[in-house]
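This is start.cif. It holds mmCIF, C-alpha atoms.
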data_run
#
loop_
_atom_site.label_atom_id
_atom_site.label_comp_id
_atom_site.auth_asym_id
_atom_site.auth_seq_id
_atom_site.Cartn_x
_atom_site.Cartn_y
_atom_site.Cartn_z
CA MET A 30 23.62 5.32 -16.35
CA PHE A 31 21.30 7.51 -18.42
CA GLY A 32 21.21 7.56 -22.20
CA LYS A 33 20.14 10.53 -24.28
CA ARG A 34 16.69 9.04 -24.79
CA ASP A 35 16.25 8.83 -20.99
CA LEU A 36 16.78 12.55 -20.37
CA ILE A 37 13.37 13.79 -21.58
CA PRO A 38 11.36 11.29 -19.51
CA LEU A 39 13.61 11.99 -16.53
CA ALA A 40 13.06 15.73 -16.88
CA LEU A 41 9.30 15.25 -17.17
CA VAL A 42 9.19 13.04 -14.06
CA LEU A 43 11.17 15.68 -12.18
CA VAL A 44 8.76 18.40 -13.35
CA GLY A 45 5.84 16.25 -12.24
CA GLY A 46 7.40 15.56 -8.86
CA LEU A 47 8.17 19.24 -8.31
CA ASN A 48 4.66 20.19 -9.39
CA TRP A 49 3.07 17.74 -6.94
CA GLY A 50 5.38 18.98 -4.18
CA LEU A 51 4.32 22.56 -4.87
CA VAL A 52 0.65 21.51 -4.92
CA ALA A 53 1.03 19.83 -1.53
CA ILE A 54 3.13 22.51 0.17
CA ALA A 55 1.99 25.78 -1.38
CA LYS A 56 -1.25 24.97 -3.25
CA PHE A 57 0.52 26.14 -6.40
CA ASP A 58 0.15 24.30 -9.73
CA LEU A 59 3.29 25.10 -11.72
CA VAL A 60 2.01 23.54 -14.95
CA ALA A 61 -1.27 25.46 -14.82
CA TRP A 62 0.64 28.66 -14.02
CA LEU A 63 2.97 28.17 -17.00
CA PHE A 64 -0.09 28.03 -19.25
CA GLY A 65 -1.73 31.07 -17.64
CA LEU A 66 -4.35 29.12 -15.69
CA ASP A 67 -5.38 29.20 -12.06
CA PHE A 68 -4.83 26.37 -9.59
CA GLY A 69 -6.86 23.31 -10.57
CA GLU A 70 -7.77 24.56 -14.05
CA THR A 71 -6.80 22.50 -17.07
CA ASN A 72 -6.89 22.83 -20.82
CA ALA A 73 -5.68 20.66 -23.67
CA ALA A 74 -2.05 21.80 -23.26
CA THR A 75 -1.87 21.07 -19.53
CA ARG A 76 -3.51 17.68 -20.05
CA VAL A 77 -0.85 16.86 -22.64
CA VAL A 78 1.88 17.81 -20.15
CA TYR A 79 0.25 15.76 -17.38
CA GLY A 80 -0.14 12.83 -19.78
CA LEU A 81 3.51 13.03 -20.83
CA VAL A 82 4.55 13.10 -17.16
CA GLY A 83 2.48 9.97 -16.53
CA ILE A 84 3.90 8.17 -19.57
CA SER A 85 7.39 9.17 -18.44
CA ALA A 86 6.73 7.67 -15.02
CA VAL A 87 5.70 4.37 -16.63
CA TYR A 88 8.85 4.53 -18.78
CA GLY A 89 10.87 5.14 -15.62
CA LEU A 90 9.35 2.09 -13.96
CA GLY A 91 10.37 0.02 -16.97
CA TRP A 92 13.85 1.53 -16.84
CA LEU A 93 14.17 0.66 -13.14
CA ALA A 94 12.92 -2.87 -13.74
CA ALA A 95 15.37 -3.35 -16.60
CA GLY A 96 18.22 -2.11 -14.41
CA ARG A 97 17.14 -4.52 -11.70
CA ARG A 98 17.25 -7.43 -14.17
CA ASP A 99 20.73 -6.36 -15.31
CA ASN A 100 22.01 -6.21 -11.73
CA PRO A 101 20.11 -8.76 -9.62
CA ARG A 102 22.74 -8.57 -6.82
CA ALA A 103 21.64 -5.01 -5.97
CA THR A 104 19.93 -6.27 -2.81
CA PRO A 105 21.76 -6.64 0.48
CA THR A 106 23.46 -10.02 0.83
CA SER A 107 21.44 -10.75 3.95
CA ALA A 108 18.23 -10.75 1.91
CA SER A 109 18.87 -14.26 0.60
CA PRO A 110 20.76 -17.17 2.06
CA ARG A 111 24.29 -17.80 0.83
CA ARG A 112 24.56 -20.67 -1.57
CA VAL A 113 27.37 -23.02 -0.75
CA PRO A 114 29.07 -24.59 -3.76
CA SER A 115 28.83 -28.38 -3.83
CA THR A 116 32.58 -28.71 -3.19
CA GLU A 117 32.20 -26.95 0.19
CA ARG A 118 29.24 -28.97 1.41
CA THR A 119 29.78 -31.53 4.11
CA SER A 120 27.71 -34.68 4.43
#
Write the structure described by the file as structure tokens, please.
Amino acid sequence: MFGKRDLIPLALVLVGGLNWGLVAIAKFDLVAWLFGLDFGETNAATRVVYGLVGISAVYGLGWLAAGRRDNPRATPTSASPRRVPSTERTS
């Protein structure tokens, strides 16, 4: 499922998701707080964290797309018509 190289981007996406949830629910910016800043303030360190979260999200999209290519039958069977082998077709 996940390889070792996937754990860091996964953790960063989770941190980003939790941070945005806290921003929406409690008006609390966890990343800014960890760097001793107030809500909405940024510095070079927080921008690096936010940038890494964004890059991790793009990596995650690629990971999901690659998994989709590896398992194209992941959709419900009703999404596409059933193909009948030529031996079962009637004229």
* Just the residues within 8 Å of Trp49 in chain A, please, counting only C-alpha atoms, with nothing from its chain fewer than 4 positions along; format it as a PyMOL selection string. => chain A and resi 45+53+58
* To do: Excluding Val44 in chain A and residues on its chain fewer than 3 positions from it, collect all residues at most 12 Å away from it, counting all atoms listed in the file, and give them as a VMD selection string.
  => chain A and resid 37 to 41 47 to 51 58 to 60 63 78 to 79 81 to 83 85 to 86
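From CA of Val77 in chain A back to CA of Leu90 in chain A, the distance works out to 19.9 Å.
In this model, the gap between CA of Thr75 in chain A and CA of Ala61 in chain A comes to 6.5 Å.
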